[in-house]
file protein.pdb (PDB, C-alpha atoms)
ATOM      1  CA  LYS A   1       0.000   0.000   0.000  1.00  0.00           C
ATOM      2  CA  LEU A   2       2.829   2.362   0.797  1.00  0.00           C
ATOM      3  CA  LEU A   3       4.393   1.863  -2.632  1.00  0.00           C
ATOM      4  CA  ARG A   4       1.033   2.417  -4.351  1.00  0.00           C
ATOM      5  CA  TYR A   5       0.534   5.566  -2.302  1.00  0.00           C
ATOM      6  CA  VAL A   6       3.967   7.088  -3.002  1.00  0.00           C
ATOM      7  CA  ASN A   7       3.642   6.210  -6.696  1.00  0.00           C
ATOM      8  CA  SER A   8       0.257   7.952  -6.927  1.00  0.00           C
ATOM      9  CA  ALA A   9      -0.289  11.135  -8.893  1.00  0.00           C
ATOM     10  CA  TYR A  10      -0.345  13.032  -5.608  1.00  0.00           C
ATOM     11  CA  PHE A  11       3.447  12.830  -5.314  1.00  0.00           C
ATOM     12  CA  SER A  12       4.076  13.342  -9.045  1.00  0.00           C
ATOM     13  CA  ILE A  13       7.405  11.549  -8.976  1.00  0.00           C
ATOM     14  CA  PRO A  14       8.568  11.037 -12.585  1.00  0.00           C
ATOM     15  CA  GLN A  15      10.246   7.689 -11.977  1.00  0.00           C
ATOM     16  CA  GLY A  16       8.490   4.830 -10.233  1.00  0.00           C
ATOM     17  CA  ILE A  17       9.418   3.964  -6.667  1.00  0.00           C
ATOM     18  CA  ASP A  18       9.889   0.221  -6.335  1.00  0.00           C
ATOM     19  CA  SER A  19      11.047  -0.326  -2.739  1.00  0.00           C
ATOM     20  CA  ILE A  20      10.775   1.114   0.752  1.00  0.00           C
ATOM     21  CA  ARG A  21      14.467   2.022   0.569  1.00  0.00           C
ATOM     22  CA  HIS A  22      13.877   3.871  -2.705  1.00  0.00           C
ATOM     23  CA  ALA A  23      10.896   5.710  -1.144  1.00  0.00           C
ATOM     24  CA  CYS A  24      13.041   6.792   1.812  1.00  0.00           C
ATOM     25  CA  THR A  25      15.735   8.033  -0.574  1.00  0.00           C
ATOM     26  CA  MET A  26      13.316   9.933  -2.820  1.00  0.00           C
ATOM     27  CA  LEU A  27      10.942  11.307  -0.184  1.00  0.00           C
ATOM     28  CA  GLY A  28      12.993  11.235   2.996  1.00  0.00           C
ATOM     29  CA  LEU A  29      12.470   9.055   6.032  1.00  0.00           C
ATOM     30  CA  ASP A  30      10.199  11.555   7.809  1.00  0.00           C
ATOM     31  CA  ARG A  31       7.865  11.875   4.830  1.00  0.00           C
ATOM     32  CA  VAL A  32       7.683   8.080   4.450  1.00  0.00           C
ATOM     33  CA  ARG A  33       6.958   7.810   8.177  1.00  0.00           C
ATOM     34  CA  ILE A  34       4.074  10.263   7.773  1.00  0.00           C
ATOM     35  CA  CYS A  35       2.748   8.258   4.795  1.00  0.00           C
ATOM     36  CA  VAL A  36       2.816   5.063   6.846  1.00  0.00           C
ATOM     37  CA  THR A  37       1.004   6.809   9.705  1.00  0.00           C
ATOM     38  CA  LEU A  38      -1.684   8.043   7.302  1.00  0.00           C
ATOM     39  CA  LEU A  39      -2.162   4.571   5.867  1.00  0.00           C
ATOM     40  CA  LEU A  40      -2.436   3.091   9.350  1.00  0.00           C
ATOM     41  CA  LEU A  41      -4.999   5.681  10.426  1.00  0.00           C
ATOM     42  CA  ALA A  42      -7.002   5.023   7.264  1.00  0.00           C
ATOM     43  CA  GLU A  43      -7.220   1.344   8.247  1.00  0.00           C
ATOM     44  CA  PHE A  44      -9.239   2.045  11.409  1.00  0.00           C
ATOM     45  CA  GLU A  45     -12.546   0.765  10.070  1.00  0.00           C
ATOM     46  CA  SER A  46     -14.304   1.328  13.386  1.00  0.00           C
ATOM     47  CA  LYS A  47     -13.619   5.064  13.152  1.00  0.00           C
ATOM     48  CA  PRO A  48     -15.137   7.465  10.641  1.00  0.00           C
ATOM     49  CA  PHE A  49     -12.907   8.438   7.713  1.00  0.00           C
ATOM     50  CA  GLU A  50     -13.655  12.066   8.606  1.00  0.00           C
ATOM     51  CA  LEU A  51     -11.708  11.661  11.871  1.00  0.00           C
ATOM     52  CA  MET A  52      -8.590  10.962   9.854  1.00  0.00           C
ATOM     53  CA  LEU A  53      -9.365  13.914   7.595  1.00  0.00           C
ATOM     54  CA  ASN A  54      -9.700  16.140  10.654  1.00  0.00           C
ATOM     55  CA  ALA A  55      -6.334  14.914  11.983  1.00  0.00           C
ATOM     56  CA  LEU A  56      -4.747  15.487   8.570  1.00  0.00           C
ATOM     57  CA  SER A  57      -6.180  18.969   8.205  1.00  0.00           C
ATOM     58  CA  ARG A  58      -5.046  19.872  11.706  1.00  0.00           C
ATOM     59  CA  ALA A  59      -1.571  18.482  11.006  1.00  0.00           C
ATOM     60  CA  ARG A  60      -1.250  20.412   7.760  1.00  0.00           C
ATOM     61  CA  MET A  61      -2.428  23.628   9.404  1.00  0.00           C
ATOM     62  CA  CYS A  62       0.160  23.214  12.158  1.00  0.00           C
ATOM     63  CA  GLN A  63       2.780  22.628   9.493  1.00  0.00           C
ATOM     64  CA  LEU A  64       1.772  25.795   7.660  1.00  0.00           C
ATOM     65  CA  LEU A  65       2.107  27.750  10.903  1.00  0.00           C
ATOM     66  CA  VAL A  66       5.798  26.900  11.316  1.00  0.00           C
ATOM     67  CA  ASN A  67       7.908  30.026  11.684  1.00  0.00           C
ATOM     68  CA  GLY A  68      11.037  29.441   9.625  1.00  0.00           C
ATOM     69  CA  SER A  69      11.654  26.666   7.185  1.00  0.00           C
ATOM     70  CA  SER A  70      13.486  24.035   9.212  1.00  0.00           C
ATOM     71  CA  ALA A  71      12.516  20.576   7.986  1.00  0.00           C
ATOM     72  CA  ASP A  72      12.716  19.340  11.569  1.00  0.00           C
ATOM     73  CA  ALA A  73      10.238  21.974  12.770  1.00  0.00           C
ATOM     74  CA  THR A  74       7.924  21.261   9.838  1.00  0.00           C
ATOM     75  CA  HIS A  75       7.801  17.546  10.677  1.00  0.00           C
ATOM     76  CA  ARG A  76       7.468  18.226  14.405  1.00  0.00           C
ATOM     77  CA  PHE A  77       4.504  20.594  13.945  1.00  0.00           C
ATOM     78  CA  PHE A  78       2.842  18.141  11.534  1.00  0.00           C
ATOM     79  CA  THR A  79       3.252  15.337  14.079  1.00  0.00           C
ATOM     80  CA  VAL A  80       1.727  17.487  16.825  1.00  0.00           C
ATOM     81  CA  GLY A  81      -1.378  18.109  14.737  1.00  0.00           C
ATOM     82  CA  LEU A  82      -1.671  14.509  13.539  1.00  0.00           C
ATOM     83  CA  PHE A  83      -1.259  12.944  16.993  1.00  0.00           C
ATOM     84  CA  SER A  84      -3.549  15.462  18.708  1.00  0.00           C
ATOM     85  CA  LEU A  85      -6.533  13.238  17.857  1.00  0.00           C
ATOM     86  CA  LEU A  86      -4.873   9.929  18.727  1.00  0.00           C
ATOM     87  CA  ASP A  87      -7.110   9.561  21.779  1.00  0.00           C
ATOM     88  CA  ALA A  88     -10.196   9.543  19.551  1.00  0.00           C
ATOM     89  CA  TYR A  89      -8.706   6.701  17.498  1.00  0.00           C
ATOM     90  CA  LEU A  90      -7.623   4.499  20.364  1.00  0.00           C
ATOM     91  CA  ASN A  91     -10.207   5.393  23.029  1.00  0.00           C
ATOM     92  CA  ARG A  92      -7.519   6.131  25.602  1.00  0.00           C
ATOM     93  CA  SER A  93      -6.275   9.317  27.159  1.00  0.00           C
ATOM     94  CA  LEU A  94      -3.652  11.281  25.263  1.00  0.00           C
ATOM     95  CA  GLU A  95      -1.487  11.340  28.370  1.00  0.00           C
ATOM     96  CA  ASP A  96      -1.381   7.527  28.534  1.00  0.00           C
ATOM     97  CA  LEU A  97      -0.840   7.133  24.795  1.00  0.00           C
ATOM     98  CA  LEU A  98       1.920   9.728  24.573  1.00  0.00           C
ATOM     99  CA  GLY A  99       3.673   8.061  27.494  1.00  0.00           C
ATOM    100  CA  GLU A 100       4.049   4.959  25.302  1.00  0.00           C
ATOM    101  CA  ILE A 101       5.261   6.703  22.148  1.00  0.00           C
ATOM    102  CA  PRO A 102       8.871   7.873  21.828  1.00  0.00           C
ATOM    103  CA  LEU A 103       8.259  11.597  21.302  1.00  0.00           C
ATOM    104  CA  SER A 104      10.261  14.583  22.451  1.00  0.00           C
ATOM    105  CA  GLU A 105       9.054  16.387  25.550  1.00  0.00           C
ATOM    106  CA  GLU A 106       8.391  19.438  23.358  1.00  0.00           C
ATOM    107  CA  VAL A 107       5.976  17.475  21.141  1.00  0.00           C
ATOM    108  CA  ARG A 108       4.341  15.794  24.129  1.00  0.00           C
ATOM    109  CA  GLN A 109       3.720  19.132  25.875  1.00  0.00           C
ATOM    110  CA  ALA A 110       2.513  20.760  22.671  1.00  0.00           C
ATOM    111  CA  ILE A 111      -0.156  18.074  22.345  1.00  0.00           C
ATOM    112  CA  LEU A 112      -1.116  17.801  25.996  1.00  0.00           C
ATOM    113  CA  ASP A 113      -0.878  21.434  27.135  1.00  0.00           C
ATOM    114  CA  GLN A 114      -0.816  23.315  23.822  1.00  0.00           C
ATOM    115  CA  SER A 115       2.375  24.955  25.073  1.00  0.00           C
ATOM    116  CA  GLY A 116       5.418  26.145  23.180  1.00  0.00           C
ATOM    117  CA  PRO A 117       5.469  27.156  19.512  1.00  0.00           C
ATOM    118  CA  ALA A 118       4.010  23.842  18.281  1.00  0.00           C
ATOM    119  CA  GLY A 119       1.336  23.985  20.976  1.00  0.00           C
ATOM    120  CA  LEU A 120       0.369  27.493  19.910  1.00  0.00           C
ATOM    121  CA  ALA A 121       0.116  26.239  16.325  1.00  0.00           C
ATOM    122  CA  LEU A 122      -2.146  23.395  17.514  1.00  0.00           C
ATOM    123  CA  LYS A 123      -4.321  25.802  19.502  1.00  0.00           C
ATOM    124  CA  THR A 124      -4.583  28.052  16.431  1.00  0.00           C
ATOM    125  CA  ALA A 125      -5.400  25.101  14.142  1.00  0.00           C
ATOM    126  CA  ILE A 126      -8.175  23.958  16.493  1.00  0.00           C
ATOM    127  CA  ALA A 127      -9.647  27.476  16.646  1.00  0.00           C
ATOM    128  CA  CYS A 128      -9.580  27.666  12.841  1.00  0.00           C
ATOM    129  CA  GLU A 129     -11.249  24.275  12.366  1.00  0.00           C
ATOM    130  CA  ARG A 130     -13.980  25.308  14.792  1.00  0.00           C
ATOM    131  CA  GLY A 131     -14.408  28.675  13.081  1.00  0.00           C
ATOM    132  CA  GLU A 132     -13.570  30.491  16.316  1.00  0.00           C
ATOM    133  CA  TRP A 133     -12.039  33.479  14.546  1.00  0.00           C
ATOM    134  CA  GLY A 134     -12.927  35.796  17.407  1.00  0.00           C
ATOM    135  CA  ALA A 135     -10.725  33.766  19.749  1.00  0.00           C
ATOM    136  CA  LEU A 136      -7.780  34.529  17.476  1.00  0.00           C
ATOM    137  CA  GLN A 137      -8.256  38.293  17.563  1.00  0.00           C
ATOM    138  CA  GLY A 138      -5.670  40.006  19.710  1.00  0.00           C
ATOM    139  CA  THR A 139      -3.134  37.207  19.259  1.00  0.00           C
ATOM    140  CA  GLY A 140      -1.078  39.243  16.834  1.00  0.00           C
ATOM    141  CA  GLN A 141      -1.843  36.836  14.005  1.00  0.00           C
ATOM    142  CA  ASP A 142      -3.269  38.111  10.733  1.00  0.00           C
ATOM    143  CA  LEU A 143      -6.792  36.646  10.582  1.00  0.00           C
ATOM    144  CA  ILE A 144      -6.967  36.867   6.788  1.00  0.00           C
ATOM    145  CA  GLU A 145      -3.676  34.966   6.516  1.00  0.00           C
ATOM    146  CA  LEU A 146      -4.907  32.368   9.028  1.00  0.00           C
ATOM    147  CA  GLN A 147      -8.081  31.861   7.003  1.00  0.00           C
ATOM    148  CA  ARG A 148      -6.000  31.503   3.830  1.00  0.00           C
ATOM    149  CA  MET A 149      -3.791  28.892   5.534  1.00  0.00           C
ATOM    150  CA  HIS A 150      -6.829  27.068   6.886  1.00  0.00           C
ATOM    151  CA  TYR A 151      -8.384  26.818   3.420  1.00  0.00           C
ATOM    152  CA  ALA A 152      -5.038  25.692   1.996  1.00  0.00           C
ATOM    153  CA  ALA A 153      -4.888  22.972   4.672  1.00  0.00           C
ATOM    154  CA  LEU A 154      -8.430  21.855   3.818  1.00  0.00           C
ATOM    155  CA  ASN A 155      -7.621  21.729   0.096  1.00  0.00           C
ATOM    156  CA  TRP A 156      -4.458  19.726   0.763  1.00  0.00           C
ATOM    157  CA  THR A 157      -6.471  17.332   2.927  1.00  0.00           C
ATOM    158  CA  ARG A 158      -9.031  16.843   0.131  1.00  0.00           C
ATOM    159  CA  GLU A 159      -6.226  15.922  -2.279  1.00  0.00           C
ATOM    160  CA  VAL A 160      -4.740  13.420   0.166  1.00  0.00           C
ATOM    161  CA  ALA A 161      -8.221  12.017   0.844  1.00  0.00           C
ATOM    162  CA  LYS A 162      -8.725  11.327  -2.861  1.00  0.00           C
ATOM    163  CA  VAL A 163      -5.507   9.322  -2.960  1.00  0.00           C
ATOM    164  CA  LEU A 164      -6.376   7.416   0.221  1.00  0.00           C
ATOM    165  CA  GLU A 165      -9.950   6.702  -0.911  1.00  0.00           C
ATOM    166  CA  ASP A 166      -8.679   5.340  -4.231  1.00  0.00           C
ATOM    167  CA  ASP A 167      -6.188   3.165  -2.355  1.00  0.00           C
ATOM    168  CA  LEU A 168      -8.794   1.885   0.110  1.00  0.00           C
ATOM    169  CA  ALA A 169     -11.382   1.172  -2.601  1.00  0.00           C
TER     170      ALA A 169
END
call {"tool": "encode", "arguments": {"input": "protein.pdb", "output": "C-alpha cells"}}
result
Amino acid sequence: KLLRYVNSAYFSIPQGIDSIRHACTMLGLDRVRICVTLLLLAEFESKPFELMLNALSRARMCQLLVNGSSADATHRFFTVGLFSLLDAYLNRSLEDLLGEIPLSEEVRQAILDQSGPAGLALKTAIACERGEWGALQGTGQDLIELQRMHYAALNWTREVAKVLEDDLA
C-alpha cells in the first residue's frame, strides 16, 4: 500500500518507486513515516474516515504555521497536529498514549498542554477548524492569513483524501 501511495499522482514523482528504501531516498524518512502513519490511520474501520481527515487537516495547518523553514520543525509541527486526535482513534487518554510513544518532551507538551510554539500552532489550528475566529483576535496573528492557511490545509487534505480513498477502494 505504501508503494502504491507514493507512486500515486499526488506525489508526481517522474520515476516509479519500487522499494521502501527507494521511497526513503526519494521522499525522505520523515515523509515516508508520515505516509505510513496516514495509511495506518485510514485502516481504522471502526472510526469514521472524517476523523482521519480532521487529523490530517489539523496536522497540515500546524505545518503551515511553522515560523522558519526548518525541515525538523515542519515535521514536528505536523506530528503534533496529527497525533492530537490519537485519543479519539484508540479510546484512551492522550497522556497515557503519549507516554508509550517515543516523542520529544516538546511534542508531548505541545499536544497535551498546547504549550510552546508547536502547541500554539495546535491551539490556532483547532480554533480555525472550529471557526472560532474571534478567539484569534488580539493574538497578533493576521486573521486573513490564518483563514488563507486554513483553506489551503483543507484543500491539501481533500487531495490526500482522494488518494487514500482510491487506495482503500
call {"tool": "closest_residue", "arguments": {"input": "protein.pdb", "among": "A:Lys123, A:Arg108, A:Arg60, A:Arg21", "to": "A:Leu154", "atoms": "all atoms listed in the file"}}
result
A:Arg60
call {"tool": "residues_around", "arguments": {"input": "protein.pdb", "residues": "A:Leu86", "least_positions_apart": "3", "cutoff": "10 Å", "atoms": "all atoms listed in the file", "output": "JSON, numbers by chain"}}
result
{"A": [41, 51, 52, 55, 81, 82, 83, 89, 90, 91, 92, 93, 94, 97, 98]}
call {"tool": "axis_aligned_box", "arguments": {"input": "protein.pdb", "around": "stretch 125-141 of chain A", "padding_each_side": "4 Å", "output": "JSON"}}
result
{"center_x": -7.7, "center_y": 32.0, "center_z": 16.1, "size_x": 21.3, "size_y": 24.0, "size_z": 15.4}
call {"tool": "residues_around", "arguments": {"input": "protein.pdb", "residues": "A:Asn67", "least_positions_apart": "6", "cutoff": "10 Å", "atoms": "all atoms listed in the file", "output": "count of residues only"}}
result
5
call {"tool": "closest_residue", "arguments": {"input": "protein.pdb", "among": "A:Cys62, A:Met149, A:Ile34, A:Leu143", "to": "A:Gln114", "atoms": "only C-alpha atoms"}}
result
A:Cys62
call {"tool": "residues_around", "arguments": {"input": "protein.pdb", "residues": "A:Gly28", "least_positions_apart": "6", "cutoff": "12 Å", "atoms": "all atoms listed in the file", "output": "PDB file with C-alpha atoms, in the frame of the given file"}}
result
ATOM      1  CA  VAL A   6       3.967   7.088  -3.002  1.00  0.00           C
ATOM      2  CA  ILE A  20      10.775   1.114   0.752  1.00  0.00           C
ATOM      3  CA  ARG A  21      14.467   2.022   0.569  1.00  0.00           C
ATOM      4  CA  HIS A  22      13.877   3.871  -2.705  1.00  0.00           C
ATOM      5  CA  ILE A  34       4.074  10.263   7.773  1.00  0.00           C
ATOM      6  CA  CYS A  35       2.748   8.258   4.795  1.00  0.00           C
ATOM      7  CA  ALA A  71      12.516  20.576   7.986  1.00  0.00           C
ATOM      8  CA  ASP A  72      12.716  19.340  11.569  1.00  0.00           C
ATOM      9  CA  HIS A  75       7.801  17.546  10.677  1.00  0.00           C
TER      10      HIS A  75
END
call {"tool": "residues_around", "arguments": {"input": "protein.pdb", "residues": "A:Gly131", "least_positions_apart": "4", "cutoff": "12 Å", "atoms": "only C-alpha atoms", "output": "mmCIF file with C-alpha atoms, in the frame of the given file"}}
result
data_model
loop_
_atom_site.group_PDB
_atom_site.id
_atom_site.type_symbol
_atom_site.label_atom_id
_atom_site.label_comp_id
_atom_site.auth_asym_id
_atom_site.auth_seq_id
_atom_site.Cartn_x
_atom_site.Cartn_y
_atom_site.Cartn_z
ATOM 1 C CA THR A 124 -4.583 28.052 16.431
ATOM 2 C CA ALA A 125 -5.400 25.101 14.142
ATOM 3 C CA ILE A 126 -8.175 23.958 16.493
ATOM 4 C CA ALA A 127 -9.647 27.476 16.646
ATOM 5 C CA ALA A 135 -10.725 33.766 19.749
ATOM 6 C CA LEU A 136 -7.780 34.529 17.476
ATOM 7 C CA LEU A 143 -6.792 36.646 10.582
ATOM 8 C CA LEU A 146 -4.907 32.368 9.028
ATOM 9 C CA GLN A 147 -8.081 31.861 7.003
ATOM 10 C CA HIS A 150 -6.829 27.068 6.886
ATOM 11 C CA TYR A 151 -8.384 26.818 3.420
#
call {"tool": "atom_distance", "arguments": {"input": "protein.pdb", "atom1": "atom CA of A:Leu56", "atom2": "atom CA of A:Thr157"}}
result
6.2 Å
call {"tool": "closest_residue", "arguments": {"input": "protein.pdb", "among": "A:Asp18, A:Leu27, A:Arg4, A:Ser84", "to": "A:Val163", "atoms": "only C-alpha atoms"}}
result
A:Arg4
call {"tool": "atom_distance", "arguments": {"input": "protein.pdb", "atom1": "atom CA of A:Leu65", "atom2": "atom CA of A:Glu50"}}
result
22.4 Å
call {"tool": "atom_distance", "arguments": {"input": "protein.pdb", "atom1": "atom CA of A:Phe77", "atom2": "atom CA of A:Arg58"}}
result
9.8 Å
call {"tool": "resolve_selection", "arguments": {"input": "protein.pdb", "expression": "the PyMOL selection byres ((chain A and resi 107) around 9)", "output": "JSON, numbers by chain"}}
result
{"A": [76, 77, 79, 80, 103, 104, 105, 106, 108, 109, 110, 111, 112, 116, 118, 119]}
call {"tool": "closest_residue", "arguments": {"input": "protein.pdb", "among": "A:Lys47, A:Met61, A:Ala153, A:Arg158", "to": "A:Leu120", "atoms": "only C-alpha atoms"}}
result
A:Met61
call {"tool": "decode", "arguments": {"input": "protein.pdb", "residues": "stretch 110-121 of chain A", "atoms": "all heavy atoms", "output": "PDB file, in the first residue's frame"}}
result
ATOM      1  N   ALA A 110       3.303  20.031  23.669  1.00  0.00           N
ATOM      2  CA  ALA A 110       2.513  20.760  22.671  1.00  0.00           C
ATOM      3  C   ALA A 110       1.142  20.116  22.511  1.00  0.00           C
ATOM      4  O   ALA A 110       0.129  20.807  22.416  1.00  0.00           O
ATOM      5  CB  ALA A 110       3.253  20.791  21.328  1.00  0.00           C
ATOM      6  N   ILE A 111       1.113  18.795  22.508  1.00  0.00           N
ATOM      7  CA  ILE A 111      -0.156  18.074  22.345  1.00  0.00           C
ATOM      8  C   ILE A 111      -0.992  18.136  23.617  1.00  0.00           C
ATOM      9  O   ILE A 111      -2.183  18.430  23.575  1.00  0.00           O
ATOM     10  CB  ILE A 111       0.103  16.610  21.928  1.00  0.00           C
ATOM     11  CG1 ILE A 111       0.766  16.560  20.546  1.00  0.00           C
ATOM     12  CG2 ILE A 111      -1.206  15.814  21.930  1.00  0.00           C
ATOM     13  CD1 ILE A 111       1.287  15.185  20.156  1.00  0.00           C
ATOM     14  N   LEU A 112      -0.364  17.882  24.742  1.00  0.00           N
ATOM     15  CA  LEU A 112      -1.116  17.801  25.996  1.00  0.00           C
ATOM     16  C   LEU A 112      -1.540  19.163  26.542  1.00  0.00           C
ATOM     17  O   LEU A 112      -2.662  19.324  27.004  1.00  0.00           O
ATOM     18  CB  LEU A 112      -0.285  17.068  27.062  1.00  0.00           C
ATOM     19  CG  LEU A 112      -0.029  15.590  26.812  1.00  0.00           C
ATOM     20  CD1 LEU A 112       0.904  15.036  27.872  1.00  0.00           C
ATOM     21  CD2 LEU A 112      -1.334  14.806  26.772  1.00  0.00           C
ATOM     22  N   ASP A 113      -0.620  20.139  26.493  1.00  0.00           N
ATOM     23  CA  ASP A 113      -0.878  21.434  27.135  1.00  0.00           C
ATOM     24  C   ASP A 113      -1.033  22.575  26.140  1.00  0.00           C
ATOM     25  O   ASP A 113      -1.263  23.709  26.559  1.00  0.00           O
ATOM     26  CB  ASP A 113       0.276  21.795  28.079  1.00  0.00           C
ATOM     27  CG  ASP A 113       0.515  20.744  29.138  1.00  0.00           C
ATOM     28  OD1 ASP A 113      -0.439  20.054  29.522  1.00  0.00           O
ATOM     29  OD2 ASP A 113       1.675  20.607  29.575  1.00  0.00           O
ATOM     30  N   GLN A 114      -0.819  22.286  24.866  1.00  0.00           N
ATOM     31  CA  GLN A 114      -0.816  23.315  23.822  1.00  0.00           C
ATOM     32  C   GLN A 114       0.153  24.426  24.208  1.00  0.00           C
ATOM     33  O   GLN A 114      -0.145  25.608  24.090  1.00  0.00           O
ATOM     34  CB  GLN A 114      -2.226  23.834  23.551  1.00  0.00           C
ATOM     35  CG  GLN A 114      -3.138  22.757  23.009  1.00  0.00           C
ATOM     36  CD  GLN A 114      -4.559  23.212  22.777  1.00  0.00           C
ATOM     37  OE1 GLN A 114      -4.951  24.303  23.133  1.00  0.00           O
ATOM     38  NE2 GLN A 114      -5.346  22.354  22.164  1.00  0.00           N
ATOM     39  N   SER A 115       1.343  23.996  24.677  1.00  0.00           N
ATOM     40  CA  SER A 115       2.375  24.955  25.073  1.00  0.00           C
ATOM     41  C   SER A 115       3.523  24.939  24.072  1.00  0.00           C
ATOM     42  O   SER A 115       3.676  23.996  23.298  1.00  0.00           O
ATOM     43  CB  SER A 115       2.888  24.622  26.481  1.00  0.00           C
ATOM     44  OG  SER A 115       3.478  23.336  26.504  1.00  0.00           O
ATOM     45  N   GLY A 116       4.302  26.005  24.100  1.00  0.00           N
ATOM     46  CA  GLY A 116       5.418  26.145  23.180  1.00  0.00           C
ATOM     47  C   GLY A 116       4.922  26.516  21.791  1.00  0.00           C
ATOM     48  O   GLY A 116       3.711  26.609  21.546  1.00  0.00           O
ATOM     49  N   PRO A 117       5.854  26.749  20.872  1.00  0.00           N
ATOM     50  CA  PRO A 117       5.469  27.156  19.512  1.00  0.00           C
ATOM     51  C   PRO A 117       4.557  26.144  18.806  1.00  0.00           C
ATOM     52  O   PRO A 117       3.569  26.530  18.175  1.00  0.00           O
ATOM     53  CB  PRO A 117       6.806  27.299  18.784  1.00  0.00           C
ATOM     54  CG  PRO A 117       7.806  27.531  19.862  1.00  0.00           C
ATOM     55  CD  PRO A 117       7.306  26.778  21.059  1.00  0.00           C
ATOM     56  N   ALA A 118       4.852  24.854  18.924  1.00  0.00           N
ATOM     57  CA  ALA A 118       4.010  23.842  18.281  1.00  0.00           C
ATOM     58  C   ALA A 118       2.644  23.767  18.952  1.00  0.00           C
ATOM     59  O   ALA A 118       1.630  23.538  18.296  1.00  0.00           O
ATOM     60  CB  ALA A 118       4.701  22.476  18.295  1.00  0.00           C
ATOM     61  N   GLY A 119       2.605  23.971  20.258  1.00  0.00           N
ATOM     62  CA  GLY A 119       1.336  23.985  20.976  1.00  0.00           C
ATOM     63  C   GLY A 119       0.465  25.168  20.586  1.00  0.00           C
ATOM     64  O   GLY A 119      -0.758  25.041  20.461  1.00  0.00           O
ATOM     65  N   LEU A 120       1.106  26.321  20.379  1.00  0.00           N
ATOM     66  CA  LEU A 120       0.369  27.493  19.910  1.00  0.00           C
ATOM     67  C   LEU A 120      -0.189  27.243  18.504  1.00  0.00           C
ATOM     68  O   LEU A 120      -1.331  27.614  18.210  1.00  0.00           O
ATOM     69  CB  LEU A 120       1.262  28.732  19.911  1.00  0.00           C
ATOM     70  CG  LEU A 120       0.628  30.012  19.379  1.00  0.00           C
ATOM     71  CD1 LEU A 120      -0.613  30.394  20.186  1.00  0.00           C
ATOM     72  CD2 LEU A 120       1.636  31.151  19.388  1.00  0.00           C
ATOM     73  N   ALA A 121       0.604  26.590  17.668  1.00  0.00           N
ATOM     74  CA  ALA A 121       0.116  26.239  16.325  1.00  0.00           C
ATOM     75  C   ALA A 121      -1.081  25.307  16.423  1.00  0.00           C
ATOM     76  O   ALA A 121      -2.074  25.475  15.703  1.00  0.00           O
ATOM     77  CB  ALA A 121       1.234  25.600  15.498  1.00  0.00           C
TER      78      ALA A 121
END
